[in-house]
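*Asks:* File work_9.cif follows (mmCIF, C-alpha atoms):
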```cif
data_start
#
loop_
_atom_site.label_atom_id
_atom_site.label_comp_id
_atom_site.auth_asym_id
_atom_site.auth_seq_id
_atom_site.Cartn_x
_atom_site.Cartn_y
_atom_site.Cartn_z
CA MET A 1 108.28 64.99 117.51
CA THR A 2 111.44 67.07 117.86
CA LYS A 3 111.73 69.74 115.20
CA THR A 4 114.96 69.97 113.22
CA ASN A 5 116.17 72.31 110.53
CA ASP A 6 116.65 69.37 108.13
CA GLY A 7 113.16 68.08 108.82
CA LEU A 8 111.55 71.45 108.24
CA MET A 9 113.62 71.95 105.09
CA ALA A 10 112.29 68.66 103.72
CA ARG A 11 108.74 69.76 104.46
CA ARG A 12 109.46 73.16 102.89
CA GLN A 13 110.76 71.62 99.68
CA ALA A 14 107.64 69.48 99.41
CA ALA A 15 105.15 72.24 100.19
CA VAL A 16 106.60 75.63 99.21
CA ALA A 17 107.08 76.84 95.63
CA GLN A 18 110.74 76.81 94.68
CA GLY A 19 110.49 80.41 93.50
CA VAL A 20 110.39 81.47 97.14
CA GLY A 21 114.07 81.57 98.06
CA GLN A 22 115.67 81.00 101.43
CA ILE A 23 119.23 82.14 102.08
CA HIS A 24 119.96 80.14 105.23
CA PRO A 25 118.75 76.54 105.84
CA ILE A 26 117.64 77.27 109.40
CA PHE A 27 114.21 77.83 110.92
CA THR A 28 113.53 80.35 113.66
CA GLU A 29 111.96 79.41 116.98
CA ARG A 30 112.22 82.82 118.66
CA ALA A 31 114.13 86.09 118.50
CA GLU A 32 114.93 89.08 120.67
CA ASN A 33 116.71 92.30 119.68
CA ALA A 34 119.73 91.09 117.63
CA THR A 35 119.60 87.43 118.68
CA VAL A 36 117.79 84.57 116.95
CA TRP A 37 117.33 81.00 118.20
CA ASP A 38 116.55 78.20 115.74
CA VAL A 39 114.24 75.23 116.30
CA GLU A 40 117.21 73.17 117.53
CA GLY A 41 118.03 75.74 120.20
CA ARG A 42 121.12 77.20 118.55
CA GLU A 43 121.76 80.91 119.04
CA TYR A 44 122.76 83.31 116.25
CA ILE A 45 123.79 86.95 116.09
CA ASP A 46 121.57 88.62 113.51
CA PHE A 47 123.51 90.86 111.11
CA ALA A 48 120.70 90.61 108.53
CA GLY A 49 117.80 92.21 110.41
CA GLY A 50 115.19 90.62 108.16
CA ILE A 51 116.81 92.52 105.26
CA ALA A 52 116.82 95.95 106.93
CA VAL A 53 113.40 95.51 108.55
CA LEU A 54 114.51 95.34 112.18
CA ASN A 55 116.37 98.59 112.84
CA THR A 56 114.68 98.57 116.28
CA GLY A 57 115.48 94.88 116.78
CA HIS A 58 113.33 91.79 117.07
CA LEU A 59 110.26 92.44 119.26
CA HIS A 60 111.26 95.77 120.72
CA PRO A 61 109.26 96.01 123.99
CA LYS A 62 107.62 99.30 123.02
CA VAL A 63 106.58 98.00 119.60
CA LYS A 64 105.34 94.74 121.09
CA ALA A 65 103.26 96.57 123.70
CA ALA A 66 101.74 98.95 121.13
CA VAL A 67 100.65 96.09 118.88
CA ALA A 68 99.23 94.13 121.83
CA GLU A 69 97.20 97.15 122.90
CA GLN A 70 95.86 97.63 119.37
CA LEU A 71 95.02 93.94 119.07
CA ASN A 72 92.83 94.26 122.15
CA ALA A 73 90.87 97.03 120.40
CA PHE A 74 90.47 95.80 116.80
CA SER A 75 92.67 94.22 114.14
CA HIS A 76 91.10 95.36 110.87
CA THR A 77 88.37 97.48 109.33
CA CYS A 78 89.99 98.47 105.99
CA PHE A 79 90.76 102.16 106.24
CA MET A 80 88.83 102.78 103.02
CA VAL A 81 85.67 101.53 104.76
CA LEU A 82 86.05 102.64 108.38
CA GLY A 83 88.91 104.93 109.28
CA TYR A 84 91.03 104.99 112.43
CA GLU A 85 93.23 107.62 114.00
CA SER A 86 96.52 105.70 113.89
CA TYR A 87 96.52 105.73 110.06
CA ILE A 88 96.19 109.52 110.10
CA SER A 89 98.86 109.81 112.81
CA VAL A 90 101.35 107.78 110.77
CA CYS A 91 100.70 109.98 107.73
CA GLU A 92 101.20 113.12 109.84
CA LYS A 93 104.48 111.75 111.20
CA LEU A 94 105.78 110.82 107.74
CA ASN A 95 104.76 114.18 106.29
CA HIS A 96 107.06 115.68 108.92
CA LEU A 97 109.91 113.17 108.63
CA VAL A 98 110.23 112.96 104.83
CA PRO A 99 112.59 115.70 103.62
CA GLY A 100 111.28 118.62 101.60
CA ASP A 101 110.16 122.14 102.51
CA PHE A 102 106.69 121.85 101.01
CA ALA A 103 103.23 120.64 101.95
CA LYS A 104 103.05 116.83 101.86
CA LYS A 105 100.52 114.03 101.91
CA THR A 106 100.95 110.29 102.50
CA ALA A 107 99.23 107.06 101.49
CA LEU A 108 99.84 103.72 103.21
CA PHE A 109 100.13 100.22 101.75
CA THR A 110 101.59 96.85 102.76
CA SER A 111 104.77 96.03 100.81
CA GLY A 112 107.66 97.93 99.28
CA SER A 113 106.62 96.85 95.80
CA GLU A 114 103.17 98.34 96.38
CA ALA A 115 104.74 101.60 97.46
CA VAL A 116 106.88 101.75 94.31
CA GLU A 117 104.01 100.91 91.98
CA ASN A 118 101.75 103.48 93.60
CA ALA A 119 104.47 106.14 93.41
CA VAL A 120 104.63 105.54 89.67
CA LYS A 121 100.83 105.65 89.41
CA VAL A 122 100.78 109.02 91.14
CA ALA A 123 103.55 110.39 88.92
CA ARG A 124 101.73 109.26 85.80
CA ALA A 125 98.45 110.78 86.96
CA TYR A 126 100.15 114.07 87.80
CA THR A 127 102.25 114.44 84.63
CA LYS A 128 99.88 112.71 82.18
CA ARG A 129 102.95 110.88 80.89
CA ALA A 130 103.72 107.15 80.81
CA GLY A 131 107.51 106.66 80.73
CA VAL A 132 109.76 105.96 83.71
CA ILE A 133 113.56 106.01 83.93
CA ALA A 134 115.20 103.62 86.39
CA PHE A 135 118.85 102.70 86.92
CA THR A 136 121.17 99.76 86.39
CA SER A 137 121.43 97.49 89.45
CA GLY A 138 118.45 99.17 91.07
CA TYR A 139 116.00 97.03 93.02
CA HIS A 140 112.38 98.11 93.37
CA GLY A 141 110.43 94.92 94.07
CA ARG A 142 109.08 91.68 92.63
CA THR A 143 105.58 92.61 91.40
CA MET A 144 105.23 93.10 87.66
CA ALA A 145 105.62 96.87 87.32
CA ALA A 146 108.27 96.94 90.05
CA LEU A 147 110.16 94.15 88.26
CA ALA A 148 110.26 96.27 85.13
CA LEU A 149 112.04 98.93 87.18
CA THR A 150 114.43 96.46 88.86
CA GLY A 151 117.77 96.42 87.06
CA LYS A 152 118.66 92.74 87.47
CA VAL A 153 117.08 89.84 85.60
CA ALA A 154 118.37 86.82 87.54
CA PRO A 155 116.81 85.74 89.79
CA TYR A 156 114.01 88.28 89.98
CA SER A 157 112.47 87.98 86.51
CA LYS A 158 114.37 85.02 85.06
CA GLY A 159 112.18 82.91 82.80
CA MET A 160 109.24 85.31 83.00
CA GLY A 161 109.70 87.04 79.66
CA LEU A 162 109.79 90.76 79.04
CA MET A 163 108.42 93.06 81.70
CA SER A 164 106.16 96.08 81.26
CA ALA A 165 107.04 98.56 78.56
CA ASN A 166 107.70 102.29 78.98
CA VAL A 167 110.66 101.74 81.34
CA PHE A 168 114.08 103.01 80.28
CA ARG A 169 117.39 102.17 81.96
CA ALA A 170 120.05 104.73 82.83
CA GLU A 171 123.49 104.05 84.29
CA PHE A 172 123.85 104.37 88.06
CA PRO A 173 127.07 106.25 88.93
CA CYS A 174 129.68 103.93 90.43
CA GLU A 175 133.29 105.00 90.16
CA MET A 176 134.47 101.57 91.33
CA HIS A 177 132.96 99.99 88.22
CA GLY A 178 133.85 102.76 85.81
CA VAL A 179 130.63 104.79 85.69
CA SER A 180 131.12 108.46 86.52
CA GLU A 181 128.42 110.97 87.40
CA ASP A 182 128.88 112.48 83.94
CA ASP A 183 128.40 109.03 82.40
CA ALA A 184 125.17 108.58 84.35
CA ILE A 185 123.73 111.94 83.32
CA GLU A 186 124.80 111.32 79.71
CA SER A 187 122.96 107.98 79.78
CA ILE A 188 119.76 109.84 80.63
CA GLU A 189 120.39 112.28 77.82
CA ARG A 190 120.85 109.30 75.46
CA ILE A 191 117.43 108.04 76.49
CA PHE A 192 116.00 111.46 75.62
CA LYS A 193 117.76 111.31 72.25
CA ASN A 194 117.20 107.68 71.28
CA ASP A 195 114.17 106.32 73.13
CA ALA A 196 111.77 108.87 74.59
CA GLU A 197 111.37 112.62 74.70
CA PRO A 198 111.54 114.25 78.12
CA THR A 199 107.85 115.06 77.72
CA ASP A 200 107.18 111.30 77.59
CA ILE A 201 108.81 110.66 80.99
CA ALA A 202 106.63 110.80 84.09
CA ALA A 203 109.29 109.93 86.66
CA ILE A 204 112.88 109.08 87.40
CA ILE A 205 113.21 106.60 90.26
CA LEU A 206 116.34 105.60 92.15
CA GLU A 207 117.56 104.41 95.53
CA PRO A 208 119.76 107.02 97.26
CA VAL A 209 121.83 104.00 98.34
CA GLN A 210 121.30 100.93 96.21
CA GLY A 211 120.21 97.96 98.31
CA GLU A 212 120.29 94.67 96.42
CA GLY A 213 122.54 96.38 93.89
CA GLY A 214 125.47 96.53 96.30
CA PHE A 215 125.13 99.47 98.75
CA TYR A 216 126.50 102.05 96.30
CA ALA A 217 125.49 105.53 97.46
CA ALA A 218 124.57 108.32 95.09
CA THR A 219 126.58 111.44 95.86
CA PRO A 220 124.91 114.72 96.78
CA SER A 221 126.32 116.28 93.63
CA PHE A 222 124.72 113.61 91.42
CA MET A 223 121.41 113.88 93.21
CA GLN A 224 121.46 117.64 92.81
CA ARG A 225 122.14 117.29 89.08
CA LEU A 226 119.28 114.81 88.84
CA ARG A 227 116.99 117.21 90.71
CA GLU A 228 117.87 119.98 88.26
CA LEU A 229 117.27 117.71 85.27
CA CYS A 230 113.85 116.71 86.59
CA ASP A 231 112.91 120.31 87.28
CA ASN A 232 113.96 121.38 83.79
CA HIS A 233 111.74 118.76 82.16
CA GLY A 234 108.78 118.57 84.55
CA ILE A 235 109.71 115.02 85.62
CA VAL A 236 108.76 113.66 89.05
CA LEU A 237 111.78 112.52 91.07
CA ILE A 238 111.03 109.41 93.16
CA ALA A 239 113.41 108.37 95.94
CA ASP A 240 112.98 104.69 96.76
CA GLU A 241 113.87 104.64 100.46
CA VAL A 242 112.39 101.24 101.24
CA GLN A 243 115.74 99.89 102.47
CA THR A 244 117.47 103.15 103.43
CA GLY A 245 114.50 104.56 105.35
CA ALA A 246 113.65 104.49 109.04
CA GLY A 247 117.10 105.57 110.13
CA ARG A 248 119.42 102.98 108.61
CA THR A 249 121.75 105.56 107.04
CA GLY A 250 122.06 107.82 110.09
CA THR A 251 119.27 110.17 109.08
CA PHE A 252 115.66 109.04 109.06
CA PHE A 253 115.77 109.18 105.25
CA ALA A 254 118.96 109.10 103.21
CA MET A 255 117.82 112.00 101.04
CA GLU A 256 118.39 114.27 104.03
CA GLN A 257 122.09 113.88 103.22
CA MET A 258 121.71 114.75 99.53
CA GLY A 259 121.00 118.47 99.65
CA VAL A 260 117.76 118.14 97.67
CA ALA A 261 114.36 116.54 98.21
CA ALA A 262 112.49 114.08 96.04
CA ASP A 263 108.95 114.79 94.89
CA ILE A 264 107.78 111.38 96.14
CA THR A 265 109.48 109.12 98.70
CA THR A 266 108.70 105.44 99.15
CA PHE A 267 109.15 103.70 102.50
CA ALA A 268 108.52 100.24 103.98
CA LYS A 269 110.74 97.64 105.72
CA SER A 270 111.84 99.07 109.07
CA ILE A 271 109.15 101.70 109.45
CA ALA A 272 106.96 99.31 111.47
CA GLY A 273 109.56 97.17 113.24
CA GLY A 274 108.70 93.89 111.51
CA PHE A 275 105.02 94.47 110.79
CA PRO A 276 103.99 94.88 107.13
CA LEU A 277 103.59 98.57 106.33
CA SER A 278 104.70 100.69 103.40
CA GLY A 279 103.75 104.00 101.89
CA ILE A 280 104.52 106.99 99.77
CA THR A 281 104.90 110.58 100.87
CA GLY A 282 105.06 113.42 98.38
CA LYS A 283 104.20 116.94 97.46
CA ALA A 284 100.56 117.46 98.28
CA ASP A 285 99.54 118.62 94.80
CA ILE A 286 101.28 115.65 93.19
CA MET A 287 99.79 113.17 95.65
CA ASP A 288 96.29 114.56 95.06
CA ALA A 289 96.51 113.94 91.31
CA VAL A 290 94.89 110.54 91.84
CA THR A 291 91.15 110.65 92.42
CA ALA A 292 89.45 108.98 95.40
CA GLY A 293 89.60 105.20 95.09
CA GLY A 294 92.73 105.16 92.93
CA LEU A 295 95.03 104.44 95.88
CA GLY A 296 94.69 101.97 98.70
CA GLY A 297 94.35 98.27 99.40
CA THR A 298 92.47 95.98 101.73
CA TYR A 299 95.33 95.67 104.21
CA GLY A 300 97.08 98.97 103.46
CA GLY A 301 97.86 100.83 106.68
CA SER A 302 96.78 97.95 108.92
CA PRO A 303 95.86 99.11 112.45
CA LEU A 304 98.44 96.73 113.92
CA ALA A 305 101.18 97.98 111.58
CA CYS A 306 100.25 101.62 112.22
CA ALA A 307 100.49 101.06 115.97
CA ALA A 308 103.90 99.48 115.43
CA ALA A 309 105.09 102.36 113.23
CA LEU A 310 104.12 105.00 115.76
CA ALA A 311 106.02 103.04 118.41
CA VAL A 312 109.07 102.72 116.13
CA ILE A 313 109.16 106.48 115.61
CA GLU A 314 108.96 107.02 119.38
CA VAL A 315 111.79 104.53 119.94
CA PHE A 316 113.99 106.41 117.47
CA GLU A 317 113.42 109.62 119.40
CA GLU A 318 113.69 108.18 122.92
CA GLU A 319 116.74 106.00 122.27
CA GLN A 320 118.43 108.45 119.86
CA LEU A 321 118.78 105.76 117.23
CA LEU A 322 119.87 108.12 114.46
CA ALA A 323 123.00 108.94 116.43
CA ARG A 324 123.29 105.25 117.27
CA ALA A 325 123.17 104.37 113.55
CA ASN A 326 126.23 106.50 112.95
CA GLU A 327 128.00 105.01 115.97
CA VAL A 328 127.28 101.48 114.76
CA GLY A 329 128.35 102.38 111.23
CA ASN A 330 131.65 103.85 112.42
CA LYS A 331 132.31 100.74 114.52
CA LEU A 332 131.56 98.43 111.58
CA LYS A 333 133.61 100.42 109.09
CA ALA A 334 136.61 100.69 111.40
CA ALA A 335 136.68 96.95 112.07
CA LEU A 336 136.06 95.98 108.46
CA THR A 337 138.73 98.42 107.26
CA ASP A 338 141.19 96.70 109.60
CA MET A 339 140.17 93.38 108.04
CA GLN A 340 140.61 94.87 104.57
CA ALA A 341 144.28 95.45 105.41
CA LYS A 342 144.61 91.72 106.17
CA TYR A 343 142.60 90.24 103.32
CA SER A 344 143.31 91.40 99.78
CA GLN A 345 139.96 90.07 98.58
CA ILE A 346 138.18 92.90 100.43
CA ALA A 347 138.40 95.61 97.80
CA ASP A 348 136.10 98.16 99.40
CA VAL A 349 134.36 99.01 102.67
CA ARG A 350 131.48 101.46 102.26
CA GLY A 351 128.13 102.69 103.43
CA LEU A 352 126.13 105.51 104.96
CA GLY A 353 125.30 105.29 108.65
CA ALA A 354 124.83 101.64 109.59
CA MET A 355 124.13 100.49 106.02
CA ILE A 356 127.55 98.90 105.53
CA ALA A 357 128.99 96.53 102.94
CA ILE A 358 132.26 95.09 101.75
CA GLU A 359 132.97 94.24 98.11
CA LEU A 360 135.01 91.18 97.21
CA MET A 361 137.40 91.31 94.26
CA GLU A 362 140.24 89.16 93.02
CA ASP A 363 142.68 90.03 90.23
CA GLY A 364 140.66 93.19 89.62
CA LYS A 365 137.43 91.28 89.00
CA PRO A 366 134.31 90.65 91.11
CA ALA A 367 134.77 87.53 93.25
CA PRO A 368 131.29 86.10 93.94
CA GLN A 369 132.81 82.65 94.50
CA TYR A 370 133.55 83.64 98.10
CA SER A 371 130.09 84.93 99.06
CA ALA A 372 128.26 81.64 99.66
CA LYS A 373 131.27 80.24 101.52
CA ILE A 374 131.38 83.28 103.79
CA LEU A 375 127.65 83.09 104.56
CA ALA A 376 127.89 79.36 105.33
CA GLU A 377 131.04 79.60 107.45
CA ALA A 378 129.71 82.58 109.42
CA ARG A 379 126.43 80.77 109.99
CA ASN A 380 128.27 77.72 111.30
CA ARG A 381 130.02 80.07 113.75
CA GLY A 382 126.75 81.66 114.87
CA LEU A 383 126.41 84.76 112.67
CA ILE A 384 123.74 85.50 110.06
CA LEU A 385 124.97 87.55 107.08
CA LEU A 386 123.59 88.52 103.67
CA SER A 387 125.15 88.96 100.26
CA CYS A 388 124.02 91.25 97.46
CA GLY A 389 125.31 93.10 94.41
CA THR A 390 125.01 92.88 90.66
CA TYR A 391 127.75 90.25 90.65
CA GLY A 392 126.81 88.67 93.99
CA ASN A 393 130.18 89.70 95.42
CA VAL A 394 129.05 92.07 98.17
CA ILE A 395 128.58 91.14 101.84
CA ARG A 396 126.23 93.51 103.65
CA VAL A 397 125.62 94.19 107.32
CA LEU A 398 122.18 95.29 108.55
CA VAL A 399 122.45 94.62 112.27
CA PRO A 400 119.67 96.12 114.43
CA LEU A 401 120.65 99.56 115.68
CA THR A 402 119.63 98.45 119.17
CA ALA A 403 122.23 95.67 119.28
CA PRO A 404 124.68 96.15 122.18
CA ASP A 405 128.30 96.93 121.33
CA ALA A 406 129.53 93.66 122.80
CA GLN A 407 127.30 91.67 120.47
CA ILE A 408 128.36 93.72 117.44
CA ASP A 409 132.00 93.13 118.40
CA ALA A 410 131.29 89.40 118.70
CA GLY A 411 129.75 89.39 115.24
CA LEU A 412 132.71 91.23 113.78
CA ALA A 413 135.08 88.73 115.40
CA ILE A 414 133.14 85.94 113.69
CA MET A 415 133.47 87.76 110.37
CA ASP A 416 137.23 88.01 110.88
CA SER A 417 137.60 84.31 111.74
CA THR A 418 135.36 83.45 108.79
CA PHE A 419 137.58 85.41 106.41
CA GLN A 420 140.65 83.63 107.78
CA VAL A 421 139.12 80.30 106.78
CA VAL A 422 137.58 81.30 103.45
CA PHE A 423 140.40 83.45 102.09
CA ASN A 424 143.35 81.27 103.14
#
```
Could you render the structure as structure tokens?

*Replies:*
Amino acid sequence: MTKTNDGLMARRQAAVAQGVGQIHPIFTERAENATVWDVEGREYIDFAGGIAVLNTGHLHPKVKAAVAEQLNAFSHTCFMVLGYESYISVCEKLNHLVPGDFAKKTALFTSGSEAVENAVKVARAYTKRAGVIAFTSGYHGRTMAALALTGKVAPYSKGMGLMSANVFRAEFPCEMHGVSEDDAIESIERIFKNDAEPTDIAAIILEPVQGEGGFYAATPSFMQRLRELCDNHGIVLIADEVQTGAGRTGTFFAMEQMGVAADITTFAKSIAGGFPLSGITGKADIMDAVTAGGLGGTYGGSPLACAAALAVIEVFEEEQLLARANEVGNKLKAALTDMQAKYSQIADVRGLGAMIAIELMEDGKPAPQYSAKILAEARNRGLILLSCGTYGNVIRVLVPLTAPDAQIDAGLAIMDSTFQVVFN
């Protein structure tokens, strides 16, 4: 029987829980670098990258070969039972790559949510405190403790009731929406005054560039003020680099551009080129606050994922993908800025490195009514895009850094023609 997208969608609706979303009603047959083919044979340019997972593209040959070699050796032992060198090698690499001039240690897991929850566990064990401060519009995952940190109810925790206690929400600085750096710092001080003493707070967690929240970047000056505040009160600063990490912003971690280092950094997504791997890297004394057995997981640091991660890191070095991220970002921003001059609904073009977004506004207000139309029209023209943002009015681009210029140009041309249809 010939497979069709409609047929598979019908099967999906009958078999898969509705809580598992799906942005595009197409089903993948195969993929290579920045190109995806669906089950009906149609070709798409991938500007989504599996939500920032494929910085090295679909099935990079070096990653594919490394995983195949590992699969011929063994697929699983559980590192907590029988160790293997690749786990140690990944930790050594991350201890070097994560910013901070101090001794570091790393622990590996499977998903970004696991990384976030374990970062909080470590901070609580180290400080002997329970409270955590997170930020408006922040996204930290879908598991229960991570949901408490995530600053958006719908759709992530809608209908699920109140999340875990001991989480307090500060304002993320965003000049475009009227929140200054002073406002953000004052919102933390209000928490200290109204909700919890500084000595009750184990950690402050934030994304250096908000992902689902709309690609708003914290400024170096704000991050430096936050670092000083944490130091003054003995609070652990956690940088959630799940989406920004592995080179998306033009440095391997976005915090390299902030002038200060976090105490703990989370990573996942693109670190293993499409294989499930996450982790936390932090100051050695903080990381060692948890006793043996308190961190880990059956699949954490899978041998296959570790092999992939080591290959990804080599690809970044050999193909100079950090420089490429900035080249891609400059290309995207230049083209999208030209489009901004043509379409008044594009209120802003922003991003660090190749983590680029446009924000849609109309009459001075967020214009989410265009987002779904843009995604559908672009898809019909052969381009896969994503939306995001607190108001759902941001279109983001996360094209693989390995995509050739001609393909990026073709994708941008589709965006332009899509805007012509949707905005006129």

*Asks:* Could you name the residues that touch region 77-92 of chain A at 6 Å or less, counting only C-alpha atoms, but leaving out those on the same chain fewer than 6 positions away, as a PyMOL selection string?

*Replies:* chain A and resi 106+298+306

*Asks:* Going by the chain IDs and residue numbers used in this file, which residues fall under the PyMOL selection byres ((chain A and resi 372) around 10)? Write them as a PyMOL selection string.

*Replies:* chain A and resi 23+368-371+373-378+386-387+392-393+395

*Asks:* Taking the file as shown, find all residues satisfying the PyMOL selection byres ((chain A and resi 103) around 10) and write them as an MDAnalysis selection string.

*Replies:* chainID A and resid 95:96 100:102 104:105 282:285

*Asks:* Identify which of the residues A:Lys333, A:Lys269, A:Lys128, A:Arg11 lies closest to Thr244 (chain A), counting only C-alpha atoms when measuring atom-to-atom distances.

*Replies:* A:Lys269

*Asks:* Once the PyMOL selection byres ((chain A and resi 384) around 6) has been evaluated on this model, what residues remain selected, and can you format them as a VMD selection string?

*Replies:* chain A and resid 46 to 47 379 383 385

*Asks:* Which of these residues is nearest to Glu319 (chain A), using all atoms listed in the file: A:Ala413, A:Gly131, A:Gln70, A:Asn55?

*Replies:* A:Asn55

*Asks:* Pick the closest to His58 (chain A) from A:Arg12, A:Arg169, A:Arg30, A:Arg324: which is it, counting only C-alpha atoms?

*Replies:*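 Closest to His58 (chain A) of all the choices is A:Arg30.
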
*Asks:* Can you list, as an NGL selection string, every protein, DNA or RNA residue that comes within 8 Å of Thr402 (chain A) when you count all atoms listed in the file, leaving out same-chain residues fewer than 6 positions away?

*Replies:* :A and (33-34 or 55-57 or 321 or 324)

*Asks:* Mind giving me the axis-aligned box for region 23-41 of chain A with 6 Å on every side, centre plus edges in Å to one decimal, as JSON?

*Replies:*
```
{"center_x": 116.0, "center_y": 82.7, "center_z": 111.4, "size_x": 20.0, "size_y": 31.1, "size_z": 30.6}
```

*Asks:* Any idea what the distance is between CA of Gly161 (chain A) and CA of Leu147 (chain A)?

*Replies:*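 Rounded to one decimal, the two atoms are 11.2 Å apart.
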
*Asks:* For CA of Leu54 (chain A) and CA of Ala261 (chain A), quote the distance in Å rounded to one decimal.

*Replies:* 25.4 Å

*Asks:* May I ask which of the residues A:Ala311, A:Ile408, A:Ile204, A:Ala115 is the closest one to Phe172 (chain A), counting all atoms listed in the file?

*Replies:* A:Ile204

*Asks:* May I have the residues at most 12 Å from (117.8, 105.4, 90.6) in the file's coordinates, counting all atoms listed in the file, as a ChimeraX atom specification?

*Replies:* /A:132-140,149-151,168-174,184-185,188,203-211,213,216-219,222-223,226-227,237-241,262

*Asks:* Nearest to Ala335 (chain A) among A:Gly411, A:Gly214, A:Pro99, A:Gly259, with distances taken over only C-alpha atoms: which residue is it?

*Replies:*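 Going through A:Gly411, A:Gly214, A:Pro99, A:Gly259 one by one, the smallest distance to Ala335 (chain A) is for A:Gly411.
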
*Asks:* Between CA of Val315 (chain A) and CA of Gly351 (chain A), what is the distance in Å, rounded to a tenth?

*Replies:* 23.3 Å

*Asks:* Taking into account all atoms listed in the file, which residue in the set A:Asn5, A:Thr143, A:Gln420, A:Gln13 is nearest to Met163 (chain A)?

*Replies:*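 Of A:Asn5, A:Thr143, A:Gln420, A:Gln13, the one nearest Met163 (chain A), counting all atoms listed in the file, is A:Thr143.
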
*Asks:* Excluding Ser344 (chain A) and its own-chain neighbours fewer than 3 positions away, which residues fall within 9 Å of it when counting only C-alpha atoms? Please give them as a list of chain:residue names.

*Replies:* A:Gln340, A:Ala341, A:Ala347, A:Leu360, A:Met361, A:Glu362, A:Phe423
